[in-house]
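Below you'll find the structure, written out as structure tokens, and then a few comments.
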Amino acid sequence: MLDTSRQANELADIQSRLIFVKIGFLMLLVLLGLRLWQLQVRDGLHYQELARDNRTRTIVLEPARGLLYDRNGELLANNIPSFQLYLSLEDLQDREALQAQLPQFVDIDQQEISNKLALKNRRGRVKIKADITLKEAALIESHRLELPGVVIQPEYQRHYPLENYASHVLGYVGEISESQLKEPGFSNLQGGRIIGQNGVERTFDEYLLGETGEEVIEVDALGYPKRSLSVQRPLAGDDLYLTLDIRLQRLAEDLLGEEAGAIVALDPWNGDVLALASKPGFNPNNVSGGISAKDWQRFLKDPRHPLTNRAIQGQYPPGSVFKIIMAAALLETQTLSAQEMIPCHGTFPFGRRVFRDWKAGGHGQVDLTKAIAESCDVYFYKAGNQLGIDPIATFARQFGLGEKTGIALPSERSGLVPSSEWKKRVKREPWYPGETISISIGQGFLTVTPLQMAKVASIVATNGRVVQPRLLKASRLRRTGNLKEEPEPPIRQLGISPQTFSHIKEGLAAVVTKGTAKLAQSDFVSIAGKTGTAQVVALKPDGDKDKNKEPQKEFRDHAWFVAFAPIEHPRIAVAVLVEHMGHGGSASAPLAKTLIEAYMGYDTTQQPTL
């Protein structure tokens with residue numbers, strides 16, 4: 001009986017415990033259900049995104065850059081397919097090991113990889129090298145299992161089919177730098193984008209750049225693509241048609257040969273830049289493809305400065321070509337009449353100095369036409385002394401000297417037009433009358449660019465029509481396919497009388513027919529121009545007393561010639577500057593003649609040589 005009662009109590013106790021177990025099991029099921037609801041319902045979307053991110057990558061698709069053409073539709077810059085080497089930061093497993101391993105397959109050093117990664121402290125892809133070779137791409141692909149995170153992507157590479165020709169005008173492209181990313185104009189761009197770094201590539205980058213696309217791909221455990229999930233195609237940049245006549249540009253650069261200098265040709269009526277040559281030049285393909293720091297430093301330290309656009313950045317004394325502006329100042333201020341004679345005996349004593357004419361013995365009795373034609377220094381010494389520096393500076397600025405022309409190229413220089421106020425402000429000294437004598441023949445503090453002097457020639461050619469030089473003629477919009485003509489720049493009329501320009505033109509025509517530029521005389525077209533010899537005063541050796549000794553080339557004067565043609569109705573204005581080549585009449589005038597004849601459609605197979 002007692003055993004039966006004990007067994008009954010034990011059974012009841014077991015049943016009671018089973019109830020607690022059931023309740024506990026039920027609570028566990030409830031908790032599991034709640035957790036499943038939390039994961040699947042409340043946080044389901046979040047975890048779906050995490051899972052998708054672990055197996056997908058978003059790739060930015062670079063657009064094709066807009067093409068560049070000359071005014072006649074000849075191709076100046078296009079795009080060619082190439083292989084780009086990227087590192088996917090999300091898939092890198094061991095950065096240091098990869099930095100040591102990658103140079104075995106690609107021509108790149110560890111430090112360069114390290115620098116790239118250090119500058120790109122963010123998620124996504126980092127471009128390590130542009131335009132890798134087919135051999136390098138094949139090597140990487142054959143070792144892809146050993147290189148997780150290394151990605152080869154086909155993209156467009158900027159290409160310049162004319163190589164060195166027009167390099168300073170076209171410029172080059174390159175990967176956007178960290179400092180550029182901080183600039184307001186680039187705030188909407190991502191690191192790794194290829195942008196214009198110089199020339200029209202930089203000036204018109206907004207039009208040429210295009211819009212990026214995007215592709216979402218599924219990747220494997222090593223980060224290699226398996227399949228494309230979605231694609232948004234990029235939009236190519238607009239095509240631009242420049243005002244350049246590449247036929248004329250080639251000829252201008254060929255005429256300069258191996259000499260340093262610049263040749264500028266303008267349409268005097270609308271400011272179109274027909275040629276803007278600067279030598280020495282460079283091959284933009286060598287820079288745009290990604291240049292090493294070592295090669296870039298070699299460019300920068302080259303004593304011939306191939307990256308300098310001498311047409312807009314070279315600042316030179318104008319020498320006797322400044323006599324064009326002096327003539328305008330003399331006539332407009334009525335300091336001298338065109339017919340007034342001034343005796344020239346070869347010297348002009350002033351104070352304790354004697355200023356000498358380039359021609360020993362002088363030019364005899366000289367009026368304005370003869371003074372321009374024979375480039376009589378004494379005539380302009382006397383005239384400049386009567387004018388004074390400030391009226392000279394005023395007229396020089398009217399012709400656009402001392403300020404940038406506004407051409408659509410970066411880093412244009414303004415040159416310098418000195419005045420009494422300028423010297424007091426900058427030099428903390430008064431202006432001395434003897435300094436005016438030097439300015440009157442284009443020496444002293446006065447400096448100009450070749451483009452400015454081509455503009456001066458245009459102003460004279462058109463009797464005072466002032467037009468800003470322009471480089472963009474039209475654009476083809478990729479979004480619509482329409483061709484958009486650029487409006488011509490505004491025109492301003494210089495407040496100088498037609499009679500003054502008539503007298504100046506008469507003198508400039510005589511320069512070519514019977515003056516200092518007889519080598520510019522053409523059998524086919526009438527040419528008016530002015531020679532100039534710009535002294536390289538600062539470079540002349542102090543101890544050299546032998547005047548008959550031929551100086552070393554780096555101490556020789558620069559040779560100028562500015563011109564326009566035909567005289568009756570000008571179609572082209574030209575400025576030629578050749579460094580360290582002496583006299584403009586012998587070194588620069590023949591080049592201008594050849595260029596003008598070529599533009600006018602005459603045979604120029606027999607080119608002059610420097």
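Here, A, B, ... name the chains of the structure tokens in the order displayed, residue numbers run from 1 inside each chain, and ligands are numbered from 1 in the same displayed order.
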
Exercise for the section: Can you list, as a PyMOL selection string, all residues belonging to stretch 162-327 of chain A that DSSP tags as alpha helix (DSSP H)? Expected result: chain A and resi 167-170+178-181+199-203+205-208+246-256+284-288+293-301+310-313+323-327

Env of A:Phe348: 8 Å cut, atoms = only C-alpha atoms, seq-sep filter 4 positions within chain, self excluded. Answer as a PyMOL selection string. chain A and resi 354-357+378+381-382

Using all heavy atoms, can you export the residues from the last selection as a PDB file, in the first residue's frame?
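And here is the file that came out, part-v1.pdb:
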```
ATOM      1  N   VAL A 354      74.987 107.621 -74.612  1.00  0.00           N
ATOM      2  CA  VAL A 354      74.785 107.778 -76.049  1.00  0.00           C
ATOM      3  C   VAL A 354      74.051 106.526 -76.541  1.00  0.00           C
ATOM      4  O   VAL A 354      74.582 105.410 -76.481  1.00  0.00           O
ATOM      5  CB  VAL A 354      76.111 107.956 -76.807  1.00  0.00           C
ATOM      6  CG1 VAL A 354      75.849 108.007 -78.309  1.00  0.00           C
ATOM      7  CG2 VAL A 354      76.825 109.233 -76.354  1.00  0.00           C
ATOM      8  N   PHE A 355      72.816 106.711 -77.000  1.00  0.00           N
ATOM      9  CA  PHE A 355      72.029 105.599 -77.530  1.00  0.00           C
ATOM     10  C   PHE A 355      72.323 105.472 -79.021  1.00  0.00           C
ATOM     11  O   PHE A 355      72.241 106.464 -79.763  1.00  0.00           O
ATOM     12  CB  PHE A 355      70.537 105.842 -77.304  1.00  0.00           C
ATOM     13  CG  PHE A 355      70.124 105.781 -75.869  1.00  0.00           C
ATOM     14  CD1 PHE A 355      70.192 106.916 -75.060  1.00  0.00           C
ATOM     15  CD2 PHE A 355      69.695 104.596 -75.309  1.00  0.00           C
ATOM     16  CE1 PHE A 355      69.809 106.866 -73.731  1.00  0.00           C
ATOM     17  CE2 PHE A 355      69.316 104.527 -73.977  1.00  0.00           C
ATOM     18  CZ  PHE A 355      69.373 105.667 -73.177  1.00  0.00           C
ATOM     19  N   ARG A 356      72.646 104.287 -79.460  1.00  0.00           N
ATOM     20  CA  ARG A 356      73.096 104.068 -80.838  1.00  0.00           C
ATOM     21  C   ARG A 356      72.001 103.423 -81.687  1.00  0.00           C
ATOM     22  O   ARG A 356      71.185 102.642 -81.206  1.00  0.00           O
ATOM     23  CB  ARG A 356      74.348 103.181 -80.857  1.00  0.00           C
ATOM     24  CG  ARG A 356      75.512 103.799 -80.097  1.00  0.00           C
ATOM     25  CD  ARG A 356      76.787 102.985 -80.239  1.00  0.00           C
ATOM     26  NE  ARG A 356      77.872 103.617 -79.487  1.00  0.00           N
ATOM     27  CZ  ARG A 356      78.594 104.635 -79.947  1.00  0.00           C
ATOM     28  NH1 ARG A 356      78.364 105.125 -81.153  1.00  0.00           N
ATOM     29  NH2 ARG A 356      79.554 105.160 -79.199  1.00  0.00           N
ATOM     30  N   ASP A 357      72.021 103.764 -82.943  1.00  0.00           N
ATOM     31  CA  ASP A 357      71.145 103.134 -83.917  1.00  0.00           C
ATOM     32  C   ASP A 357      71.765 101.793 -84.336  1.00  0.00           C
ATOM     33  O   ASP A 357      72.973 101.609 -84.237  1.00  0.00           O
ATOM     34  CB  ASP A 357      70.988 104.034 -85.148  1.00  0.00           C
ATOM     35  CG  ASP A 357      69.825 103.604 -86.020  1.00  0.00           C
ATOM     36  OD1 ASP A 357      69.965 102.633 -86.781  1.00  0.00           O
ATOM     37  OD2 ASP A 357      68.769 104.250 -85.926  1.00  0.00           O
ATOM     38  N   VAL A 378      67.009 105.927 -83.978  1.00  0.00           N
ATOM     39  CA  VAL A 378      67.165 107.319 -83.554  1.00  0.00           C
ATOM     40  C   VAL A 378      65.845 108.074 -83.690  1.00  0.00           C
ATOM     41  O   VAL A 378      65.482 108.890 -82.819  1.00  0.00           O
ATOM     42  CB  VAL A 378      68.288 108.007 -84.363  1.00  0.00           C
ATOM     43  CG1 VAL A 378      68.288 109.519 -84.119  1.00  0.00           C
ATOM     44  CG2 VAL A 378      69.634 107.410 -83.982  1.00  0.00           C
ATOM     45  N   TYR A 381      63.868 107.034 -80.750  1.00  0.00           N
ATOM     46  CA  TYR A 381      64.472 107.576 -79.526  1.00  0.00           C
ATOM     47  C   TYR A 381      63.941 108.987 -79.285  1.00  0.00           C
ATOM     48  O   TYR A 381      63.482 109.338 -78.193  1.00  0.00           O
ATOM     49  CB  TYR A 381      65.998 107.650 -79.642  1.00  0.00           C
ATOM     50  CG  TYR A 381      66.739 106.333 -79.618  1.00  0.00           C
ATOM     51  CD1 TYR A 381      67.960 106.208 -80.276  1.00  0.00           C
ATOM     52  CD2 TYR A 381      66.251 105.229 -78.922  1.00  0.00           C
ATOM     53  CE1 TYR A 381      68.675 105.021 -80.268  1.00  0.00           C
ATOM     54  CE2 TYR A 381      66.958 104.039 -78.898  1.00  0.00           C
ATOM     55  CZ  TYR A 381      68.169 103.937 -79.580  1.00  0.00           C
ATOM     56  OH  TYR A 381      68.879 102.760 -79.562  1.00  0.00           O
ATOM     57  N   LYS A 382      64.070 109.840 -80.326  1.00  0.00           N
ATOM     58  CA  LYS A 382      63.663 111.236 -80.200  1.00  0.00           C
ATOM     59  C   LYS A 382      62.166 111.355 -79.970  1.00  0.00           C
ATOM     60  O   LYS A 382      61.701 112.144 -79.136  1.00  0.00           O
ATOM     61  CB  LYS A 382      64.075 112.016 -81.453  1.00  0.00           C
ATOM     62  CG  LYS A 382      65.582 112.124 -81.635  1.00  0.00           C
ATOM     63  CD  LYS A 382      65.936 112.882 -82.918  1.00  0.00           C
ATOM     64  CE  LYS A 382      67.449 113.007 -83.076  1.00  0.00           C
ATOM     65  NZ  LYS A 382      67.826 113.736 -84.319  1.00  0.00           N
TER      66      LYS A 382
END
```

- Message: When you count only C-alpha atoms, which of these residues is closest to A:Leu591: A:Asp390, A:Glu214, A:Asp254, A:Asp70?
- Response: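 Once distances to A:Leu591 are computed over only C-alpha atoms, the minimum belongs to A:Asp254.
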
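Distances from A:Leu242, A:Ala262, A:Leu494, A:Ile132 to A:Pro81 were compared using only C-alpha atoms, and the smallest one belongs to A:Ile132.
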
Requested in this report: Name the closest residue to A:Gly261 among the candidates A:Gly601, A:Pro306, A:Gly66, A:Pro280; distances are taken between atoms, counting only C-alpha atoms.
Outcome: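 Residue with the minimum atom-to-atom distance to A:Gly261: A:Pro280.
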
Discussion item. Please list as a PyMOL selection string every residue within 12 Å of A:Leu255, counting only C-alpha atoms and excluding residues in the same chain fewer than 2 positions away.
Written reply: chain A and resi 248-253+257-263+277-279+576-578+587-595+598+604-610

Export of the given selection (N, CA, C and O atoms) as a short mmCIF file (atom, residue, chain, number, x, y, z; two decimals), in the first residue's frame:
```cif
data_model
loop_
_atom_site.label_atom_id
_atom_site.label_comp_id
_atom_site.auth_asym_id
_atom_site.auth_seq_id
_atom_site.Cartn_x
_atom_site.Cartn_y
_atom_site.Cartn_z
N LEU A 248 48.04 74.29 -91.59
CA LEU A 248 48.86 75.46 -91.29
C LEU A 248 49.66 75.24 -90.02
O LEU A 248 50.82 75.68 -89.91
N GLN A 249 49.05 74.56 -89.05
CA GLN A 249 49.74 74.28 -87.78
C GLN A 249 50.97 73.40 -88.02
O GLN A 249 52.04 73.65 -87.47
N ARG A 250 50.80 72.36 -88.83
CA ARG A 250 51.93 71.48 -89.14
C ARG A 250 53.06 72.27 -89.80
O ARG A 250 54.23 72.12 -89.45
N LEU A 251 52.68 73.11 -90.77
CA LEU A 251 53.69 73.88 -91.49
C LEU A 251 54.42 74.82 -90.54
O LEU A 251 55.65 74.95 -90.60
N ALA A 252 53.69 75.48 -89.65
CA ALA A 252 54.32 76.40 -88.71
C ALA A 252 55.34 75.69 -87.83
O ALA A 252 56.46 76.18 -87.61
N GLU A 253 54.99 74.51 -87.34
CA GLU A 253 55.92 73.77 -86.48
C GLU A 253 57.10 73.25 -87.28
O GLU A 253 58.24 73.24 -86.78
N GLY A 257 61.31 74.04 -86.99
CA GLY A 257 62.30 72.97 -86.93
C GLY A 257 62.70 72.64 -85.50
O GLY A 257 61.85 72.44 -84.63
N GLU A 258 64.01 72.65 -85.25
CA GLU A 258 64.52 72.34 -83.92
C GLU A 258 64.74 73.60 -83.09
O GLU A 258 65.22 73.51 -81.95
N GLU A 259 64.43 74.76 -83.65
CA GLU A 259 64.64 76.00 -82.91
C GLU A 259 63.50 76.24 -81.93
O GLU A 259 62.35 75.87 -82.17
N ALA A 260 63.81 76.89 -80.83
CA ALA A 260 62.79 77.28 -79.85
C ALA A 260 62.13 78.56 -80.33
O ALA A 260 62.79 79.49 -80.81
N GLY A 261 60.82 78.61 -80.22
CA GLY A 261 60.11 79.81 -80.64
C GLY A 261 58.63 79.56 -80.78
O GLY A 261 58.11 78.54 -80.32
N ALA A 262 57.95 80.50 -81.42
CA ALA A 262 56.49 80.40 -81.59
C ALA A 262 56.07 81.09 -82.87
O ALA A 262 56.68 82.07 -83.31
N ILE A 263 55.01 80.55 -83.48
CA ILE A 263 54.37 81.17 -84.64
C ILE A 263 52.86 81.16 -84.39
O ILE A 263 52.28 80.12 -84.07
N ALA A 277 51.69 77.66 -82.85
CA ALA A 277 52.81 76.72 -82.77
C ALA A 277 53.81 77.16 -81.72
O ALA A 277 54.12 78.35 -81.59
N SER A 278 54.31 76.20 -80.96
CA SER A 278 55.35 76.46 -79.97
C SER A 278 56.34 75.30 -80.02
O SER A 278 55.94 74.13 -80.00
N LYS A 279 57.60 75.62 -80.10
CA LYS A 279 58.65 74.60 -80.12
C LYS A 279 59.69 74.93 -79.07
O LYS A 279 59.96 76.10 -78.82
N VAL A 576 55.82 85.86 -85.67
CA VAL A 576 56.86 84.84 -85.62
C VAL A 576 57.93 85.30 -84.63
O VAL A 576 58.42 86.43 -84.71
N LEU A 577 58.27 84.44 -83.69
CA LEU A 577 59.34 84.71 -82.73
C LEU A 577 60.25 83.48 -82.68
O LEU A 577 59.79 82.37 -82.37
N VAL A 578 61.51 83.67 -83.03
CA VAL A 578 62.49 82.58 -82.96
C VAL A 578 63.58 82.98 -81.97
O VAL A 578 64.22 84.03 -82.14
N ALA A 587 65.75 85.81 -90.08
CA ALA A 587 65.36 84.56 -89.42
C ALA A 587 63.86 84.32 -89.40
O ALA A 587 63.40 83.20 -89.59
N SER A 588 63.08 85.38 -89.17
CA SER A 588 61.63 85.19 -88.98
C SER A 588 60.79 85.57 -90.19
O SER A 588 59.76 84.94 -90.45
N ALA A 589 61.20 86.61 -90.92
CA ALA A 589 60.39 87.08 -92.05
C ALA A 589 60.15 86.00 -93.11
O ALA A 589 59.01 85.85 -93.59
N PRO A 590 61.16 85.21 -93.51
CA PRO A 590 60.90 84.16 -94.51
C PRO A 590 59.89 83.11 -94.04
O PRO A 590 59.15 82.55 -94.85
N LEU A 591 59.88 82.85 -92.75
CA LEU A 591 58.92 81.87 -92.23
C LEU A 591 57.50 82.39 -92.37
O LEU A 591 56.58 81.66 -92.74
N ALA A 592 57.32 83.67 -92.03
CA ALA A 592 55.99 84.27 -92.15
C ALA A 592 55.53 84.27 -93.61
O ALA A 592 54.36 84.00 -93.90
N LYS A 593 56.43 84.60 -94.51
CA LYS A 593 56.08 84.60 -95.94
C LYS A 593 55.59 83.22 -96.37
O LYS A 593 54.56 83.09 -97.05
N THR A 594 56.32 82.17 -96.01
CA THR A 594 55.93 80.80 -96.40
C THR A 594 54.56 80.44 -95.83
O THR A 594 53.72 79.85 -96.52
N LEU A 595 54.33 80.80 -94.57
CA LEU A 595 53.06 80.48 -93.93
C LEU A 595 51.91 81.23 -94.61
O LEU A 595 50.85 80.65 -94.87
N ALA A 598 51.13 79.74 -97.99
CA ALA A 598 50.44 78.45 -97.84
C ALA A 598 48.96 78.68 -97.55
O ALA A 598 48.08 78.01 -98.10
N THR A 604 54.24 75.98 -101.50
CA THR A 604 55.30 76.29 -100.53
C THR A 604 56.22 75.09 -100.35
O THR A 604 56.73 74.85 -99.26
N THR A 605 56.42 74.33 -101.42
CA THR A 605 57.26 73.14 -101.30
C THR A 605 58.70 73.50 -100.98
O THR A 605 59.41 72.72 -100.34
N GLN A 606 59.14 74.67 -101.43
CA GLN A 606 60.50 75.10 -101.13
C GLN A 606 60.49 75.92 -99.84
O GLN A 606 60.34 77.13 -99.85
N GLN A 607 60.59 75.23 -98.71
CA GLN A 607 60.51 75.91 -97.44
C GLN A 607 61.87 76.48 -97.05
O GLN A 607 62.90 75.84 -97.26
N PRO A 608 61.88 77.66 -96.43
CA PRO A 608 63.15 78.19 -95.93
C PRO A 608 63.62 77.39 -94.73
O PRO A 608 62.82 76.74 -94.06
N THR A 609 64.89 77.40 -94.49
CA THR A 609 65.46 76.68 -93.35
C THR A 609 66.15 77.66 -92.43
O THR A 609 66.70 78.66 -92.86
N LEU A 610 66.08 77.35 -91.14
CA LEU A 610 66.70 78.21 -90.14
C LEU A 610 68.15 77.81 -89.91
O LEU A 610 68.48 76.64 -89.99
#
```

Based on the backbone DSSP call, show me all residues of stretch 47-278 of chain A assigned strand (DSSP E), as an MDAnalysis selection string. chainID A and resid 56:61 68:69 75:88 125:132 150:159 172:175 194:198 213:219 225:232 239:242 261:266 273:278

Next, write the just-selected residues to a file, as a CSV table (one decimal), in the first residue's frame, keeping C-alpha atoms as the atom set.
```
chain,number,residue,atom,x,y,z
A,56,THR,CA,28.1,42.0,-55.9
A,57,ARG,CA,30.3,44.9,-56.9
A,58,THR,CA,29.3,48.2,-58.5
A,59,ILE,CA,31.7,49.3,-61.3
A,60,VAL,CA,31.8,52.8,-62.6
A,61,LEU,CA,31.9,52.8,-66.4
A,68,LEU,CA,38.7,66.9,-81.1
A,69,TYR,CA,38.8,68.1,-84.8
A,75,LEU,CA,40.9,64.3,-86.3
A,76,LEU,CA,43.2,65.7,-83.6
A,77,ALA,CA,42.3,63.5,-80.6
A,78,ASN,CA,40.4,60.3,-80.3
A,79,ASN,CA,40.1,57.3,-78.0
A,80,ILE,CA,41.5,53.8,-78.4
A,81,PRO,CA,40.7,50.6,-76.4
A,82,SER,CA,43.2,49.7,-73.7
A,83,PHE,CA,43.6,47.7,-70.5
A,84,GLN,CA,43.5,49.4,-67.1
A,85,LEU,CA,44.8,47.7,-63.9
A,86,TYR,CA,42.6,48.2,-60.8
A,87,LEU,CA,42.7,46.9,-57.3
A,88,SER,CA,39.4,46.1,-55.6
A,125,ARG,CA,38.4,50.2,-57.0
A,126,VAL,CA,41.7,52.1,-57.3
A,127,LYS,CA,43.4,52.4,-60.6
A,128,ILE,CA,47.0,51.3,-60.2
A,129,LYS,CA,48.2,51.6,-63.8
A,130,ALA,CA,46.8,52.7,-67.1
A,131,ASP,CA,47.3,51.2,-70.5
A,132,ILE,CA,49.0,47.9,-69.4
A,150,VAL,CA,43.5,42.5,-58.9
A,151,VAL,CA,41.1,43.4,-61.8
A,152,ILE,CA,41.8,44.2,-65.4
A,153,GLN,CA,39.2,46.4,-67.0
A,154,PRO,CA,39.0,47.4,-70.7
A,155,GLU,CA,38.5,51.2,-71.1
A,156,TYR,CA,39.2,53.9,-73.6
A,157,GLN,CA,42.6,55.6,-73.6
A,158,ARG,CA,43.1,59.1,-75.0
A,159,HIS,CA,45.1,59.1,-78.2
A,172,TYR,CA,46.8,66.2,-72.3
A,173,VAL,CA,44.6,64.3,-69.9
A,174,GLY,CA,45.4,62.5,-66.6
A,175,GLU,CA,43.8,61.0,-63.5
A,194,ILE,CA,40.4,61.0,-66.3
A,195,ILE,CA,40.2,64.8,-66.8
A,196,GLY,CA,41.9,67.4,-69.0
A,197,GLN,CA,45.1,68.6,-67.4
A,198,ASN,CA,46.3,71.2,-69.9
A,213,GLY,CA,27.7,54.7,-66.3
A,214,GLU,CA,27.3,52.0,-63.8
A,215,GLU,CA,27.4,48.2,-63.9
A,216,VAL,CA,26.4,45.8,-61.0
A,217,ILE,CA,28.2,42.4,-61.3
A,218,GLU,CA,28.1,39.3,-59.3
A,219,VAL,CA,31.6,38.2,-58.1
A,225,PRO,CA,33.2,38.7,-62.1
A,226,LYS,CA,30.7,35.9,-62.7
A,227,ARG,CA,27.8,37.7,-64.4
A,228,SER,CA,26.3,41.1,-65.0
A,229,LEU,CA,23.2,42.0,-63.0
A,230,SER,CA,22.4,45.4,-64.4
A,231,VAL,CA,24.0,48.1,-66.7
A,232,GLN,CA,23.6,51.8,-67.0
A,239,ASP,CA,32.9,66.5,-80.0
A,240,LEU,CA,34.6,69.8,-80.5
A,241,TYR,CA,35.7,71.5,-83.7
A,242,LEU,CA,38.6,73.9,-83.1
A,261,GLY,CA,60.1,79.8,-80.6
A,262,ALA,CA,56.5,80.4,-81.6
A,263,ILE,CA,54.4,81.2,-84.6
A,264,VAL,CA,50.8,82.5,-84.3
A,265,ALA,CA,48.4,83.0,-87.2
A,266,LEU,CA,45.0,84.6,-86.7
A,273,VAL,CA,43.3,81.0,-84.2
A,274,LEU,CA,44.5,79.4,-87.4
A,275,ALA,CA,47.9,78.2,-86.0
A,276,LEU,CA,49.4,78.4,-82.5
A,277,ALA,CA,52.8,76.7,-82.8
A,278,SER,CA,55.4,76.5,-80.0
```

Could you check which of A:Pro430, A:Pro566, A:Gly351, A:Pro148 is closest to A:Phe524, using only C-alpha atoms?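 Closest to A:Phe524, using only C-alpha atoms: A:Pro566.
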
At a cut-off of 9 Å, using only C-alpha atoms, what residues contact A:Gln315? Leave out same-chain residues fewer than 3 positions from it and give the result as a ChimeraX atom specification.
/A:310-312,318,413-416,447-450
